[in-house]
Every structure is written in C-alpha cells, then in structure tokens.
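Each remark here refers to the structure printed beneath this line.
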Amino acid sequence: MEAKKAADSLVVMNELVLPNDTNTFGNLMGGRLMYWMDIGAAMAAGKHCNKPCMTASVDNISFKNPIKLGNIVHIEVKLTRAFTTSMEVRIRVWGEDPLHQHRYESNEAYFTFVALDKDNRPSPVPELIAETEEEKSQYKAALRRRQLRLILGGKMAPDDATELKALFVPAAGATESKT
Ligand SMILES: CC(C)(COP(=O)(O)OP(=O)(O)OC[C@H]1O[C@@H](n2cnc3c(N)ncnc32)[C@H](O)[C@@H]1OP(=O)(O)O)[C@@H](O)C(=O)NCCC(=O)NCCS
C-alpha cells in the first residue's frame with residue numbers, strides 16, 4: 001500500500017445552523033455538532049484508506065464558544081497519523097457570523113477510525129506522510145494520544161504506554177514504537 005499525504009485527507013464542511021439544530025438557548029446543540037464532526041471525520045478517513053471505516057473512539061470534546069442560530073459551522077478535518085488498521089483524525093470547528101464576517105473558535109477533537117474489510121474485520125491502512133511542521137507535530141503527538149485512549153478503553157496496560165510515560169518521567173527515555 002502506498003503512503004499518502006496528510007494534506008490529501010483534508011475535508012472542509014460548512015453547515016448553516018437552522019432552528020431545528022438548536023437548543024432552548026438558541027445555540028447549536030452539541031449532539032448535532034458531533035454528528036457533523038463524525039461525518040467529516042469519516043470522509044477524511046475514507047479518503048485516506050479507500051475502505052469503509054468505523055468510528056472506534058471519540059476523545060474528549062470541550063465546547064469553547066456556542067454557535068448561534070443563523071451562524072455558519074465551519075469544520076476542517078485532516079488525518080494526523082495512520083497506524084496498522086486505525087487512523088487518528090483531527091477535527092477543528094469554528095462558528096462564523098456571516099453578517100459581521102467574524103469567525104470564532106468552537107472546539108477541537110480527535111476521533112479514531114478503523115478501516116474494515118469485506119467481512120467487517122479491521123483491515124490495514126496506508127501510512128500517512130506528514131509534511132508541514134504542524135502535521136509533523138500532530139503526527140508525533142498522535143502516538144501519546146493513542147496510548148492514552150487505549151488505556152482508557154481498556155485496550156492497553158499503562159505500563160506499556162512508554163511514550164506517554166516519558167511525558168511525566170522524562171528519564172523513561174522512550175524510543176518510538178507503534179503501540
Ligand atoms: C472499532 C472495532 C472495529 C475494533 O475492532 P476490534 O475487534 O476491537 O479490533 P482490534 O482490537 O484488532 O483493534 C483494531 C484497531 O482498532 C483500534 N482500537 C480498538 N479499540 C479502540 C479504541 N477504543 N480507541 C481507539 N482505537 C481502538 C486498535 O488499536 C487497532 O488499531 P491498529 O490496528 O491501528 O493498531 C470494533 O470495536 C467495533 O466494531 N466497534 C464498534 C464501532 C461502532 O459501532 N462505531 C459507531 C458506529 S460507526
């Protein structure tokens with residue numbers, strides 16, 4: 001499988017917040033936003049691996065600013081790293097006031113997708129090539145985020161999370177591995 005560039009996975013989505021998308025405060029509902037984020041992330045993961053993909057996990061999401069009724073939701077999605085069958089996807093969300101042409105941060109999150117074969121079993125994905133400084137930094141940190149989420153998901157023993165431990169105990173001096 002040929003490695004693919006992070007930039008090639010880019011997905012940009014825009015949605016208009018309509019009355020049916022809002023809560024009683026007149027702001028976009030968190031659940032509706034997460035639905036759009038999941039769709040954008042699935043498209044980015046699918047662009048990278050050209051296989052059907054399943055959401056395996058969603059990391060912590062904090063909403064910095066509410067997005068108002070009538071504002072535009074701007075979602076940008078890009079892969080940060082591909083592992084064996086899974087891919088980490090970074091999703092960034094802004095609100096946009098179209099009348100005042102003002103854009104404000106809403107939130108950022110990392111989702112993990114797993115590529116599936118015809119029997120719906122995890123299937124290998126191409127490696128990801130990080131080119132820009134930001135992509136390289138995201139790529140490097142993806143390993144620590146993966147270890148943290150696998151520990152929280154009961155899929156990894158904390159003792160095996162060498163890169164994550166090295167954050168807290170630098171002397172642990174981890175060499176980068178895939179786990
Ligand atoms: C995600 C799923 C396919 C993983 O299948 P599995 O049999 O547990 O497979 P494995 O343990 O072999 O793991 C496969 C990959 O998933 C990753 N994975 C599994 N659980 C994970 C989790 N909680 N968070 C992040 N990655 C996870 C593994 O690290 C592995 O990645 P790698 O191959 O790159 O190392 C399976 O758990 C599933 O179908 N879950 C339900 C998904 C779903 O319904 N999503 C919502 C609707 S789209």
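Residues are referred to by chain and number: the chain letter is A, B, ... according to the order shown in the structure tokens, the number counts from 1 in that chain, and ligands are numbered separately from 1 in the order shown.
Taking only C-alpha atoms and all ligand atoms into account, every polymer residue with at least one atom at most 7 Å away from ligand 1 is listed here: Met54, Thr55, Ala56, Ser57, Ala82, Phe83, Thr84, Thr85, Ser86, Met87, Thr112, Val114, Arg121, Pro122, Arg146, Arg149, Leu150, Gly153 and Lys155 of chain A.
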- Message: Could you list, as a list in words, every residue within 9 Å of segment 130-136 of chain A, counting only C-alpha atoms and ignoring same-chain residues fewer than 3 positions away?
- Response: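 Counting only C-alpha atoms, the residues come to Lys4, Lys5, Ala6, Ala7, Leu79, Thr80, Arg81, Tyr139, Lys140 and Ala141 of chain A.
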Quick one: which segment 57-120 of chain A residues come within 8 Å of segment 17-23 of chain A, and what is the nearest atom pair for each with the distance in Å to one decimal, counting only C-alpha atoms, rows ordered by chain and ascending number, as a Markdown table?
| residue | atom | partner | partner_atom | distance |
| --- | --- | --- | --- | --- |
| A:Ile67 | CA | A:Val17 | CA | 7.9 |
| A:Lys68 | CA | A:Val17 | CA | 7.1 |
| A:Leu69 | CA | A:Val17 | CA | 5.1 |
| A:Gly70 | CA | A:Val17 | CA | 5.2 |
| A:Asn71 | CA | A:Val17 | CA | 5.7 |
| A:Ile72 | CA | A:Val17 | CA | 6.1 |
| A:Val73 | CA | A:Val17 | CA | 7.0 |
Identify, on the basis of only C-alpha atoms, every residue whose closest approach to Met43 of chain A does not exceed 10 Å; exclude the query and any residue fewer than 5 positions from it along the same chain; express the result as a compact mmCIF listing (two decimals) with C-alpha atoms, in the first residue's frame.
# COMPACT_ATOMS: atom_id res chain seq x y z
CA SER A 9 -7.19 13.68 3.55
CA LEU A 10 -8.41 17.25 4.07
CA VAL A 11 -12.18 17.68 4.30
CA VAL A 12 -13.84 21.09 4.72
CA MET A 37 -17.92 16.13 13.06
CA ASP A 38 -18.32 12.35 12.80
CA HIS A 48 -7.04 8.08 3.15
CA ASN A 50 -10.37 3.97 0.39
CA PRO A 52 -15.32 1.58 4.69
CA CYS A 53 -14.45 2.99 8.11
CA VAL A 77 -10.75 17.64 9.17
CA LYS A 78 -7.37 16.07 8.49
Output as a compact mmCIF listing (two decimals) with C-alpha atoms, in the first residue's frame all residues of chain A that backbone DSSP marks as alpha helix (DSSP H).
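And here is the file that came out, result25.txt:
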# COMPACT_ATOMS: atom_id res chain seq x y z
CA GLY A 30 -23.68 19.66 20.94
CA GLY A 31 -25.11 16.39 19.66
CA ARG A 32 -25.83 17.86 16.22
CA LEU A 33 -22.30 19.25 16.02
CA MET A 34 -20.79 15.88 16.99
CA TYR A 35 -22.90 14.25 14.26
CA TRP A 36 -21.43 16.62 11.63
CA MET A 37 -17.92 16.13 13.06
CA ASP A 38 -18.32 12.35 12.80
CA ILE A 39 -19.43 12.62 9.16
CA GLY A 40 -16.50 14.90 8.27
CA ALA A 41 -14.05 12.62 10.07
CA ALA A 42 -15.45 9.50 8.34
CA MET A 43 -15.00 11.19 4.94
CA ALA A 44 -11.37 12.11 5.74
CA ALA A 45 -10.56 8.59 6.98
CA GLY A 46 -12.25 7.10 3.89
CA LYS A 47 -10.25 9.37 1.58
CA HIS A 48 -7.04 8.08 3.15
CA CYS A 49 -7.72 4.35 3.13
CA GLU A 133 5.70 21.49 10.80
CA GLU A 134 2.17 21.35 12.21
CA GLU A 135 1.49 17.98 10.58
CA LYS A 136 4.78 16.62 11.94
CA SER A 137 3.99 17.81 15.45
CA GLN A 138 0.47 16.32 15.25
CA TYR A 139 1.93 13.07 13.91
CA LYS A 140 4.40 12.80 16.79
CA ALA A 141 1.85 13.58 19.50
CA ALA A 142 -0.67 11.13 17.97
CA LEU A 143 1.25 8.24 19.48
CA ARG A 144 0.78 9.57 23.02
CA ARG A 145 -2.89 10.33 22.42
CA ARG A 146 -3.35 6.79 21.07
CA GLN A 147 -1.74 5.27 24.16
CA LEU A 148 -3.94 7.36 26.46
CA ARG A 149 -7.17 6.41 24.68
CA LEU A 150 -6.22 2.72 24.52
CA ILE A 151 -5.54 2.74 28.27
CA LEU A 152 -8.88 4.47 28.93
CA THR A 162 6.16 4.16 27.00
CA GLU A 163 5.79 7.44 25.06
CA LEU A 164 3.01 8.62 27.36
CA LYS A 165 5.02 7.79 30.48
CA ALA A 166 8.01 9.68 29.09
CA LEU A 167 5.93 12.88 29.27
CA PHE A 168 5.80 12.59 33.03
